[in-house]
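Structure file model_34.csv; described as CSV, C-alpha atoms.
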```
chain,number,residue,atom,x,y,z
A,1,MET,CA,-2.1,-6.6,-19.4
A,2,ASN,CA,-2.7,-10.2,-18.2
A,3,PRO,CA,-6.3,-10.3,-16.7
A,4,LYS,CA,-5.1,-12.2,-13.6
A,5,ILE,CA,-2.5,-9.5,-12.9
A,6,GLU,CA,-5.0,-6.8,-13.7
A,7,LYS,CA,-7.5,-8.3,-11.2
A,8,LEU,CA,-4.9,-8.4,-8.5
A,9,ILE,CA,-3.9,-4.8,-9.1
A,10,LYS,CA,-7.5,-3.7,-8.9
A,11,GLN,CA,-7.9,-5.5,-5.5
A,12,PHE,CA,-4.8,-3.7,-4.1
A,13,ALA,CA,-5.8,-0.3,-5.6
A,14,LYS,CA,-9.0,-0.6,-3.5
A,15,LEU,CA,-7.0,-0.6,-0.2
A,16,PRO,CA,-6.8,2.6,1.8
A,17,ARG,CA,-3.8,4.8,0.9
A,18,VAL,CA,-2.9,2.6,-2.1
A,19,GLY,CA,-3.4,4.2,-5.6
A,20,ASN,CA,-3.2,2.6,-9.0
A,21,ARG,CA,0.5,3.2,-9.5
A,22,ALA,CA,1.4,1.9,-6.0
A,23,ALA,CA,-0.8,-1.2,-6.6
A,24,ARG,CA,1.1,-1.9,-9.8
A,25,ARG,CA,4.4,-1.7,-7.9
A,26,ILE,CA,3.2,-3.9,-5.1
A,27,VAL,CA,1.9,-6.6,-7.5
A,28,LEU,CA,5.0,-6.6,-9.6
A,29,GLY,CA,7.1,-6.8,-6.4
A,30,LEU,CA,5.1,-9.7,-5.1
A,31,LEU,CA,5.0,-11.6,-8.4
A,32,GLN,CA,8.8,-11.2,-8.9
A,33,ASP,CA,9.6,-12.1,-5.3
A,34,LYS,CA,11.3,-15.5,-5.0
A,35,THR,CA,11.0,-15.9,-1.2
A,36,GLY,CA,7.3,-17.0,-1.2
A,37,ARG,CA,6.0,-13.7,0.0
A,38,ILE,CA,2.6,-14.1,-1.7
A,39,GLY,CA,2.1,-17.4,0.2
A,40,LYS,CA,2.9,-15.8,3.5
A,41,LEU,CA,0.6,-12.9,2.8
A,42,VAL,CA,-2.2,-15.2,1.8
A,43,ASP,CA,-1.7,-17.3,5.0
A,44,ALA,CA,-1.8,-14.2,7.2
A,45,LEU,CA,-4.8,-12.8,5.4
A,46,THR,CA,-6.7,-16.1,5.7
A,47,ASP,CA,-5.8,-16.6,9.3
A,48,ALA,CA,-7.0,-13.1,10.2
A,49,ASN,CA,-10.1,-13.3,8.1
A,50,GLU,CA,-11.2,-16.6,9.8
A,51,ASN,CA,-10.1,-15.9,13.3
A,52,ILE,CA,-10.4,-12.2,14.1
A,53,CYS,CA,-13.7,-10.7,15.2
A,54,PRO,CA,-14.7,-7.7,17.4
A,55,CYS,CA,-14.6,-8.2,21.2
A,56,PRO,CA,-18.3,-8.4,22.3
A,57,VAL,CA,-17.5,-6.1,25.2
A,58,CYS,CA,-15.4,-3.2,23.8
A,59,GLY,CA,-15.2,-3.7,20.1
A,60,VAL,CA,-11.5,-4.2,19.8
A,61,LEU,CA,-10.6,-6.8,17.1
A,62,THR,CA,-9.4,-10.0,18.8
A,63,ASP,CA,-9.1,-13.8,18.4
A,64,ARG,CA,-12.5,-15.5,17.9
A,65,VAL,CA,-11.4,-18.3,20.3
A,66,ARG,CA,-11.2,-15.8,23.2
A,67,GLU,CA,-14.4,-14.7,24.9
A,68,LYS,CA,-13.0,-11.2,25.5
A,69,CYS,CA,-10.1,-9.2,24.1
A,70,GLU,CA,-6.7,-8.9,25.8
A,71,TYR,CA,-7.8,-5.6,27.4
A,72,CYS,CA,-11.2,-6.7,28.7
A,73,SER,CA,-9.8,-9.9,30.2
A,74,ASP,CA,-6.9,-8.2,31.9
A,75,THR,CA,-8.0,-7.8,35.5
A,76,ALA,CA,-5.2,-5.3,36.2
A,77,ARG,CA,-7.0,-2.9,33.9
A,78,ALA,CA,-10.2,-2.9,36.0
A,79,ASN,CA,-9.3,0.5,37.6
A,80,GLY,CA,-12.6,2.2,37.0
A,81,MET,CA,-11.4,4.1,34.0
A,82,LEU,CA,-12.9,3.7,30.5
A,83,CYS,CA,-11.4,5.4,27.5
A,84,LEU,CA,-13.7,6.0,24.5
A,85,VAL,CA,-12.0,6.0,21.1
A,86,ARG,CA,-13.2,6.1,17.5
A,87,ASP,CA,-11.1,3.3,16.1
A,88,LEU,CA,-8.9,0.4,16.9
A,89,SER,CA,-5.9,2.4,15.6
A,90,ASP,CA,-6.5,4.9,18.4
A,91,VAL,CA,-6.2,2.0,20.9
A,92,TRP,CA,-2.9,1.0,19.2
A,93,VAL,CA,-1.6,4.6,19.5
A,94,LEU,CA,-2.6,4.9,23.2
A,95,GLU,CA,-1.1,1.5,24.0
A,96,LYS,CA,2.2,2.4,22.3
A,97,SER,CA,2.4,5.6,24.3
A,98,GLY,CA,1.7,3.8,27.6
A,99,VAL,CA,-0.3,6.8,29.0
A,100,PHE,CA,-3.4,4.7,29.8
A,101,ASN,CA,-3.9,1.4,31.5
A,102,GLY,CA,-7.6,1.1,32.0
A,103,ARG,CA,-10.3,-0.3,29.7
A,104,TYR,CA,-11.2,0.8,26.2
A,105,HIS,CA,-14.5,1.2,24.3
A,106,VAL,CA,-14.2,1.4,20.5
A,107,LEU,CA,-17.1,3.4,19.0
A,108,GLY,CA,-16.3,2.4,15.4
A,109,GLY,CA,-17.0,5.9,14.1
A,110,LEU,CA,-18.3,9.4,15.0
A,111,LEU,CA,-21.7,11.0,14.5
A,112,SER,CA,-21.8,12.9,11.3
A,113,GLY,CA,-24.7,14.5,9.5
A,114,VAL,CA,-22.7,14.8,6.3
A,115,ALA,CA,-21.6,11.1,6.2
A,116,GLY,CA,-25.0,10.0,7.5
A,117,ILE,CA,-23.6,8.3,10.6
A,118,THR,CA,-26.3,8.0,13.4
A,119,PRO,CA,-26.0,6.7,17.0
A,120,ASP,CA,-27.3,3.3,15.7
A,121,ASP,CA,-24.1,3.0,13.7
A,122,LEU,CA,-21.9,3.4,16.7
A,123,ASN,CA,-21.0,0.7,19.3
A,124,LEU,CA,-23.1,2.2,22.1
A,125,GLY,CA,-25.5,-0.6,22.9
A,126,ASN,CA,-23.7,-2.0,26.0
A,127,LEU,CA,-22.0,1.2,27.2
A,128,ALA,CA,-24.4,1.8,30.1
A,129,THR,CA,-24.2,-1.8,31.2
A,130,ARG,CA,-20.4,-1.7,31.1
A,131,ILE,CA,-20.4,1.3,33.4
A,132,SER,CA,-22.4,-0.5,36.1
A,133,ASP,CA,-20.9,-4.0,35.5
A,134,GLU,CA,-17.3,-2.8,35.5
A,135,LYS,CA,-17.8,-0.1,38.2
A,136,ILE,CA,-16.5,2.6,35.9
A,137,THR,CA,-15.9,5.9,37.7
A,138,GLU,CA,-14.4,8.0,34.9
A,139,ILE,CA,-15.0,8.1,31.2
A,140,ILE,CA,-12.2,9.6,29.2
A,141,PHE,CA,-13.1,10.9,25.7
A,142,ALA,CA,-10.0,10.3,23.5
A,143,LEU,CA,-11.9,11.3,20.3
A,144,PRO,CA,-10.6,13.5,17.5
A,145,ASN,CA,-10.6,17.2,18.3
A,146,THR,CA,-13.2,17.9,15.6
A,147,VAL,CA,-16.8,19.0,15.3
A,148,GLU,CA,-17.8,15.3,14.8
A,149,GLY,CA,-15.7,14.3,17.9
A,150,LYS,CA,-17.3,16.9,20.1
A,151,THR,CA,-20.8,16.2,18.8
A,152,THR,CA,-20.3,12.5,19.6
A,153,GLN,CA,-19.0,13.3,23.0
A,154,GLN,CA,-22.0,15.5,23.8
A,155,TYR,CA,-24.4,12.9,22.5
A,156,ILE,CA,-22.9,10.2,24.7
A,157,ILE,CA,-22.9,12.4,27.8
A,158,SER,CA,-26.6,13.2,27.3
A,159,MET,CA,-27.3,9.5,26.6
A,160,LEU,CA,-25.7,8.4,29.8
A,161,ASN,CA,-27.6,11.1,31.6
A,162,ASN,CA,-28.2,9.1,34.9
A,163,ALA,CA,-24.9,7.4,35.1
A,164,ASN,CA,-22.8,8.2,38.1
A,165,VAL,CA,-19.5,8.8,36.4
A,166,ASN,CA,-17.0,11.6,35.9
A,167,TYR,CA,-16.3,12.7,32.3
A,168,SER,CA,-13.0,14.0,31.0
A,169,GLU,CA,-11.5,14.8,27.6
A,170,LEU,CA,-7.9,15.1,26.4
A,171,ALA,CA,-6.4,18.5,26.8
A,172,SER,CA,-6.3,20.9,23.8
A,173,GLY,CA,-3.3,23.0,23.2
A,174,VAL,CA,0.1,23.5,21.6
A,175,PRO,CA,1.8,20.2,20.8
A,176,LEU,CA,5.2,19.4,22.3
A,177,GLY,CA,7.8,21.1,20.2
A,178,GLY,CA,5.0,23.1,18.4
A,179,ASP,CA,6.1,26.4,17.0
A,180,LEU,CA,3.4,29.1,17.6
A,181,ASP,CA,4.0,30.3,14.0
A,182,TYR,CA,2.6,27.0,12.7
A,183,ILE,CA,-0.4,26.6,15.1
A,184,ASP,CA,-3.9,27.4,13.8
A,185,ASP,CA,-6.0,30.1,15.4
A,186,GLY,CA,-8.5,27.6,16.9
A,187,THR,CA,-5.7,25.7,18.7
A,188,LEU,CA,-4.1,28.9,19.9
A,189,SER,CA,-7.4,30.1,21.3
A,190,LEU,CA,-8.0,26.8,23.1
A,191,ALA,CA,-4.4,26.9,24.5
A,192,PHE,CA,-5.0,30.5,25.8
A,193,GLY,CA,-8.3,29.6,27.3
A,194,GLY,CA,-6.8,26.6,29.1
A,195,ARG,CA,-3.6,28.3,30.2
A,196,ARG,CA,-2.1,27.1,33.5
A,197,ALA,CA,-0.9,29.2,36.4
A,198,LEU,CA,2.8,28.6,37.2
B,199,MET,CA,-1.8,-5.8,19.7
B,200,ASN,CA,-3.3,-9.1,18.7
B,201,PRO,CA,-0.5,-11.3,17.2
B,202,LYS,CA,-2.6,-12.4,14.2
B,203,ILE,CA,-3.2,-8.7,13.3
B,204,GLU,CA,0.4,-7.8,14.0
B,205,LYS,CA,1.6,-10.6,11.7
B,206,LEU,CA,-0.7,-9.4,8.9
B,207,ILE,CA,0.5,-5.8,9.4
B,208,LYS,CA,4.2,-7.0,9.1
B,209,GLN,CA,3.4,-8.7,5.8
B,210,PHE,CA,1.8,-5.6,4.4
B,211,ALA,CA,4.6,-3.3,5.7
B,212,LYS,CA,7.1,-5.4,3.6
B,213,LEU,CA,5.4,-4.5,0.3
B,214,PRO,CA,7.0,-1.8,-1.8
B,215,ARG,CA,5.8,1.8,-1.1
B,216,VAL,CA,3.9,0.6,2.0
B,217,GLY,CA,5.2,1.7,5.4
B,218,ASN,CA,4.2,0.7,8.9
B,219,ARG,CA,1.5,3.3,9.3
B,220,ALA,CA,0.0,2.6,5.9
B,221,ALA,CA,0.1,-1.1,6.6
B,222,ARG,CA,-1.9,-0.5,9.9
B,223,ARG,CA,-4.5,1.5,8.0
B,224,ILE,CA,-4.8,-1.2,5.2
B,225,VAL,CA,-5.2,-4.0,7.7
B,226,LEU,CA,-7.7,-2.1,9.8
B,227,GLY,CA,-9.7,-1.3,6.6
B,228,LEU,CA,-9.6,-4.9,5.5
B,229,LEU,CA,-10.7,-6.3,8.9
B,230,GLN,CA,-13.5,-3.9,9.3
B,231,ASP,CA,-14.8,-4.3,5.8
B,232,LYS,CA,-18.1,-6.1,5.5
B,233,THR,CA,-18.1,-6.8,1.8
B,234,GLY,CA,-15.7,-9.7,1.9
B,235,ARG,CA,-12.7,-7.8,0.5
B,236,ILE,CA,-10.2,-10.1,2.2
B,237,GLY,CA,-11.6,-13.2,0.5
B,238,LYS,CA,-11.4,-11.5,-2.9
B,239,LEU,CA,-7.8,-10.4,-2.2
B,240,VAL,CA,-6.8,-13.9,-1.1
B,241,ASP,CA,-8.5,-15.4,-4.2
B,242,ALA,CA,-6.7,-13.0,-6.6
B,243,LEU,CA,-3.4,-13.5,-4.8
B,244,THR,CA,-3.7,-17.3,-4.9
B,245,ASP,CA,-4.7,-17.3,-8.5
B,246,ALA,CA,-1.8,-15.1,-9.6
B,247,ASN,CA,0.6,-17.0,-7.4
B,248,GLU,CA,-0.3,-20.4,-8.9
B,249,ASN,CA,-0.9,-19.4,-12.5
B,250,ILE,CA,1.4,-16.6,-13.4
B,251,CYS,CA,5.0,-17.2,-14.6
B,252,PRO,CA,7.5,-15.4,-16.9
B,253,CYS,CA,7.1,-15.9,-20.6
B,254,PRO,CA,10.0,-18.3,-21.6
B,255,VAL,CA,10.7,-16.1,-24.6
B,256,CYS,CA,10.6,-12.5,-23.4
B,257,GLY,CA,10.2,-12.6,-19.6
B,258,VAL,CA,6.8,-10.8,-19.5
B,259,LEU,CA,4.7,-12.3,-16.7
B,260,THR,CA,1.9,-14.4,-18.2
B,261,ASP,CA,-0.5,-17.3,-17.7
B,262,ARG,CA,1.2,-20.6,-17.0
B,263,VAL,CA,-1.2,-22.4,-19.3
B,264,ARG,CA,0.0,-20.4,-22.3
B,265,GLU,CA,3.2,-21.4,-24.0
B,266,LYS,CA,4.1,-17.8,-24.8
B,267,CYS,CA,2.8,-14.4,-23.5
B,268,GLU,CA,0.2,-12.3,-25.4
B,269,TYR,CA,2.9,-10.2,-27.1
B,270,CYS,CA,5.1,-13.1,-28.2
B,271,SER,CA,2.2,-15.1,-29.6
B,272,ASP,CA,0.7,-12.1,-31.5
B,273,THR,CA,1.9,-12.6,-35.1
B,274,ALA,CA,0.9,-9.0,-35.9
B,275,ARG,CA,3.8,-7.9,-33.7
B,276,ALA,CA,6.4,-9.8,-35.7
B,277,ASN,CA,7.5,-6.6,-37.4
B,278,GLY,CA,11.3,-7.0,-36.8
B,279,MET,CA,11.4,-4.6,-33.9
B,280,LEU,CA,12.4,-5.6,-30.5
B,281,CYS,CA,12.1,-3.3,-27.5
B,282,LEU,CA,14.4,-3.9,-24.5
B,283,VAL,CA,13.0,-2.8,-21.2
B,284,ARG,CA,14.1,-3.2,-17.6
B,285,ASP,CA,10.8,-4.2,-16.1
B,286,LEU,CA,7.3,-5.4,-16.8
B,287,SER,CA,6.0,-2.1,-15.6
B,288,ASP,CA,7.8,-0.5,-18.5
B,289,VAL,CA,5.9,-2.8,-20.9
B,290,TRP,CA,2.7,-1.6,-19.3
B,291,VAL,CA,3.6,2.0,-19.7
B,292,LEU,CA,4.6,1.5,-23.4
B,293,GLU,CA,1.4,-0.5,-24.1
B,294,LYS,CA,-0.7,2.2,-22.5
B,295,SER,CA,0.9,4.9,-24.7
B,296,GLY,CA,0.4,2.8,-27.8
B,297,VAL,CA,3.7,4.0,-29.3
B,298,PHE,CA,5.2,0.6,-30.0
B,299,ASN,CA,3.7,-2.5,-31.6
B,300,GLY,CA,6.6,-4.9,-31.9
B,301,ARG,CA,8.0,-7.5,-29.5
B,302,TYR,CA,9.4,-6.9,-26.0
B,303,HIS,CA,12.3,-8.3,-24.1
B,304,VAL,CA,12.3,-7.8,-20.3
B,305,LEU,CA,15.8,-7.7,-18.8
B,306,GLY,CA,14.6,-7.9,-15.2
B,307,GLY,CA,17.2,-5.4,-14.0
B,308,LEU,CA,20.1,-3.2,-15.1
B,309,LEU,CA,23.9,-3.8,-14.6
B,310,SER,CA,25.1,-2.2,-11.4
B,311,GLY,CA,28.4,-2.5,-9.6
B,312,VAL,CA,26.9,-0.9,-6.5
B,313,ALA,CA,23.9,-3.3,-6.3
B,314,GLY,CA,26.1,-6.2,-7.5
B,315,ILE,CA,24.0,-7.0,-10.6
B,316,THR,CA,26.0,-8.8,-13.2
B,317,PRO,CA,25.0,-9.9,-16.8
B,318,ASP,CA,24.2,-13.4,-15.4
B,319,ASP,CA,21.3,-11.8,-13.4
B,320,LEU,CA,19.7,-10.3,-16.5
B,321,ASN,CA,17.4,-12.1,-18.9
B,322,LEU,CA,20.0,-12.2,-21.8
B,323,GLY,CA,20.5,-15.9,-22.4
B,324,ASN,CA,18.2,-16.2,-25.4
B,325,LEU,CA,18.5,-12.7,-26.9
B,326,ALA,CA,20.9,-13.7,-29.7
B,327,THR,CA,18.7,-16.6,-30.6
B,328,ARG,CA,15.6,-14.4,-30.6
B,329,ILE,CA,17.3,-12.0,-33.1
B,330,SER,CA,17.8,-14.7,-35.7
B,331,ASP,CA,14.7,-16.7,-34.9
B,332,GLU,CA,12.3,-13.7,-35.1
B,333,LYS,CA,14.2,-11.9,-37.8
B,334,ILE,CA,14.8,-8.8,-35.7
B,335,THR,CA,16.1,-5.9,-37.7
B,336,GLU,CA,16.0,-3.1,-35.0
B,337,ILE,CA,16.7,-3.3,-31.3
B,338,ILE,CA,15.2,-0.3,-29.4
B,339,PHE,CA,16.7,0.4,-26.0
B,340,ALA,CA,13.9,1.8,-23.8
B,341,LEU,CA,16.0,1.7,-20.6
B,342,PRO,CA,16.1,4.4,-17.9
B,343,ASN,CA,18.2,7.4,-18.9
B,344,THR,CA,20.8,6.6,-16.1
B,345,VAL,CA,24.3,5.4,-15.8
B,346,GLU,CA,23.1,1.9,-15.2
B,347,GLY,CA,20.8,2.1,-18.2
B,348,LYS,CA,23.5,3.3,-20.5
B,349,THR,CA,26.0,0.7,-19.1
B,350,THR,CA,23.6,-2.1,-19.8
B,351,GLN,CA,22.9,-0.8,-23.3
B,352,GLN,CA,26.6,-0.7,-24.1
B,353,TYR,CA,27.1,-4.2,-22.7
B,354,ILE,CA,24.3,-5.6,-24.8
B,355,ILE,CA,25.6,-4.0,-27.9
B,356,SER,CA,29.0,-5.4,-27.4
B,357,MET,CA,27.6,-8.8,-26.4
B,358,LEU,CA,25.6,-8.9,-29.7
B,359,ASN,CA,28.7,-7.9,-31.6
B,360,ASN,CA,28.1,-10.0,-34.7
B,361,ALA,CA,24.3,-9.6,-34.9
B,362,ASN,CA,23.1,-7.9,-38.1
B,363,VAL,CA,20.7,-5.4,-36.5
B,364,ASN,CA,20.3,-1.7,-36.1
B,365,TYR,CA,20.3,-0.2,-32.6
B,366,SER,CA,18.3,2.8,-31.4
B,367,GLU,CA,17.5,4.4,-28.1
B,368,LEU,CA,14.8,6.7,-26.9
B,369,ALA,CA,15.4,10.4,-27.6
B,370,SER,CA,16.6,12.6,-24.7
B,371,GLY,CA,15.3,16.1,-24.2
B,372,VAL,CA,12.8,18.5,-22.7
B,373,PRO,CA,9.6,16.7,-21.8
B,374,LEU,CA,6.3,17.8,-23.4
B,375,GLY,CA,5.1,20.8,-21.4
B,376,GLY,CA,8.4,21.0,-19.7
B,377,ASP,CA,9.5,24.5,-18.5
B,378,LEU,CA,13.2,25.1,-19.0
B,379,ASP,CA,13.3,26.6,-15.5
B,380,TYR,CA,12.7,23.2,-14.1
B,381,ILE,CA,14.9,21.1,-16.3
B,382,ASP,CA,18.2,19.9,-15.0
B,383,ASP,CA,21.5,20.8,-16.7
B,384,GLY,CA,22.1,17.3,-18.0
B,385,THR,CA,18.8,17.1,-19.8
B,386,LEU,CA,19.3,20.6,-21.2
B,387,SER,CA,22.7,19.7,-22.5
B,388,LEU,CA,21.3,16.6,-24.2
B,389,ALA,CA,18.4,18.6,-25.6
B,390,PHE,CA,20.9,21.2,-27.1
B,391,GLY,CA,23.1,18.5,-28.5
B,392,GLY,CA,20.2,16.8,-30.2
B,393,ARG,CA,18.5,20.0,-31.5
B,394,ARG,CA,16.5,19.6,-34.7
B,395,ALA,CA,16.7,21.9,-37.7
B,396,LEU,CA,13.3,23.4,-38.5
```

Since I need it in another form, could you write the structure as structure tokens?
Amino acid sequence: MNPKIEKLIKQFAKLPRVGNRAARRIVLGLLQDKTGRIGKLVDALTDANENICPCPVCGVLTDRVREKCEYCSDTARANGMLCLVRDLSDVWVLEKSGVFNGRYHVLGGLLSGVAGITPDDLNLGNLATRISDEKITEIIFALPNTVEGKTTQQYIISMLNNANVNYSELASGVPLGGDLDYIDDGTLSLAFGGRRAL
Amino acid sequence: MNPKIEKLIKQFAKLPRVGNRAARRIVLGLLQDKTGRIGKLVDALTDANENICPCPVCGVLTDRVREKCEYCSDTARANGMLCLVRDLSDVWVLEKSGVFNGRYHVLGGLLSGVAGITPDDLNLGNLATRISDEKITEIIFALPNTVEGKTTQQYIISMLNNANVNYSELASGVPLGGDLDYIDDGTLSLAFGGRRAL
């Protein structure tokens, strides 16, 4: 195989969710395309690489020219609610659903003994300052419902020990349209424990 | 979502086998990567875009600086055998298996009434010249075992009407390790028709 093509395939195969076979298909598709798709991809990559950086306040990736991201600079969002998420993709999911219109704080990971992720690896440095500066009254943990998620949540609550805020987490239970036959025991037990009176 | 990031996701979502969700993961992975992966990807893409073009003889994608591709310029491959394939990826598969050491000819597609692909869309212009120039004695059709593959094969044989060559096609039958229980009726019928005496 041509070394230039091989190198390109290797770069694509390193991307998340792209294997060797898919990388070959992608590269072949790009090289045989006659609409200049490679050029457009290169332009978009270069633009993002040069002009995107994390918001210094919340960690959401944003334009370097802006001081703050679109969420932190939107005064309509200063409603005292702060939603803690693991990742920027969680912000995208929440924004798409439209269920939340306060501010975000992206942790950039979850505490994990196995993966060796400690509090220093998370975006926690300015969290206490944000709570007082932005007059936060409620912190909503929208973290994965896993051991790592719960551990991180507990750590942050104990870290913010003296902060005068309410804490909440997303409800656990049977998903909409969820058939009990396909729900795991842990979720069922949480759904029973959190049952609502009618 | 940031418009620069959105634009990049759209470019990735256009690639074959990459959907919207995978594109979001890929872009997030790239933007959060600290090892300069975007730069490497941009370099590899630019290099390939500027320096890769189809071999004027066989259609295999190759370096622009070379007159012919690695297969056409390899005199050890001038053994009178010419393998017709649909796509460059088929060349890669055959090269990996090591079953063939002659020359290739990449058609760039298959005749299809549904997709509107006519003989003019295929790389057939220089096929007759190649046969005489390279003293080809056998043409091997390594095309997909489909209606389009067989139609294309028949078209090429009738097109090369006066050429003094032998034609062959890959054998049809039960794949190695194939369980009869999982083989479709068409393949079974071909395997029976082509049974070998022991």

Tell me, counting all atoms listed in the file, for each residue of chain B within 7 Å of chain A, which pair of atoms is nearest and how far apart they are in Å to one decimal, in rows ordered by chain and increasing number, as CSV.
```
residue,atom,partner,partner_atom,distance
B:Met199,CA,A:Trp92,CA,6.9
B:Asn200,CA,A:Thr62,CA,6.2
B:Lys202,CA,A:Ala48,CA,6.0
B:Ile203,CA,A:Ala48,CA,6.6
B:Lys205,CA,A:Ala44,CA,6.7
B:Leu206,CA,A:Ala44,CA,5.2
B:Gln209,CA,A:Leu41,CA,5.9
B:Leu213,CA,A:Ile26,CA,5.9
B:Pro214,CA,A:Ile26,CA,5.5
B:Arg215,CA,A:Ala22,CA,6.6
B:Ala220,CA,A:Arg17,CA,6.7
B:Arg223,CA,A:Pro16,CA,6.7
B:Ile224,CA,A:Pro16,CA,5.5
B:Gly227,CA,A:Pro16,CA,6.8
B:Ile236,CA,A:Asn49,CA,6.7
B:Leu239,CA,A:Gln11,CA,5.9
B:Val240,CA,A:Val42,CA,5.6
B:Ala242,CA,A:Leu8,CA,5.3
B:Leu243,CA,A:Leu8,CA,6.5
B:Ala246,CA,A:Lys4,CA,5.9
B:Asn247,CA,A:Ile38,CA,6.7
B:Thr260,CA,A:Asn2,CA,6.2
B:Trp290,CA,A:Met1,CA,6.9
```

For those residues, write C-alpha atoms to a file as an mmCIF file, in the frame of the given file.
```cif
data_model
loop_
_atom_site.group_PDB
_atom_site.id
_atom_site.type_symbol
_atom_site.label_atom_id
_atom_site.label_comp_id
_atom_site.auth_asym_id
_atom_site.auth_seq_id
_atom_site.Cartn_x
_atom_site.Cartn_y
_atom_site.Cartn_z
ATOM 1 C CA MET B 199 -1.800 -5.800 19.700
ATOM 2 C CA ASN B 200 -3.300 -9.100 18.700
ATOM 3 C CA LYS B 202 -2.600 -12.400 14.200
ATOM 4 C CA ILE B 203 -3.200 -8.700 13.300
ATOM 5 C CA LYS B 205 1.600 -10.600 11.700
ATOM 6 C CA LEU B 206 -0.700 -9.400 8.900
ATOM 7 C CA GLN B 209 3.400 -8.700 5.800
ATOM 8 C CA LEU B 213 5.400 -4.500 0.300
ATOM 9 C CA PRO B 214 7.000 -1.800 -1.800
ATOM 10 C CA ARG B 215 5.800 1.800 -1.100
ATOM 11 C CA ALA B 220 0.000 2.600 5.900
ATOM 12 C CA ARG B 223 -4.500 1.500 8.000
ATOM 13 C CA ILE B 224 -4.800 -1.200 5.200
ATOM 14 C CA GLY B 227 -9.700 -1.300 6.600
ATOM 15 C CA ILE B 236 -10.200 -10.100 2.200
ATOM 16 C CA LEU B 239 -7.800 -10.400 -2.200
ATOM 17 C CA VAL B 240 -6.800 -13.900 -1.100
ATOM 18 C CA ALA B 242 -6.700 -13.000 -6.600
ATOM 19 C CA LEU B 243 -3.400 -13.500 -4.800
ATOM 20 C CA ALA B 246 -1.800 -15.100 -9.600
ATOM 21 C CA ASN B 247 0.600 -17.000 -7.400
ATOM 22 C CA THR B 260 1.900 -14.400 -18.200
ATOM 23 C CA TRP B 290 2.700 -1.600 -19.300
#
```

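Picture a line from CA of Glu169 in chain A to CA of Asp181 in chain A; it runs 25.8 Å.
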
Q | Protein and nucleic acid residues near (-20.8, -2.2, 23.0) (cut-off 8 Å, all atoms listed in the file) as a PyMOL selection string | A | chain A and resi 56-59+105-107+123-127

message: Can you tell me which residues surround Lys333 in chain B at a distance of at most 9 Å, considering only C-alpha atoms, apart from same-chain residues fewer than 5 positions away, and format the answer as a count of residues only?
response: 5

Residue with the minimum atom-to-atom distance to Ala76 in chain A, picked from A:Asn101, A:Leu170, A:Cys55, A:Asp179 with all atoms listed in the file counted, is A:Asn101

Min atom-atom distance to Arg393 in chain B from the set B:Thr335, B:Ser295, B:Lys232, B:Gly371, counting all atoms listed in the file, belongs to B:Gly371

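CA of Gly391 in chain B to CA of Val345 in chain B spans 18.3 Å [interatomic distance, one decimal].
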
Of B:Ala326, B:Met357, B:Ile315, B:Leu308, the one sitting nearest Thr344 in chain B when using all atoms listed in the file is B:Leu308

Discussion item. Could you check which residues have any atom within 10 Å of (-10.4, 19.5, 16.8), counting all atoms listed in the file with coordinates taken straight from the file, and then list them as number ranges by chain?
Written reply: A: 143-150, 172, 186-187, 190

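Counting from CA of Tyr353 in chain B, the distance to CA of Leu309 in chain B is 8.7 Å.
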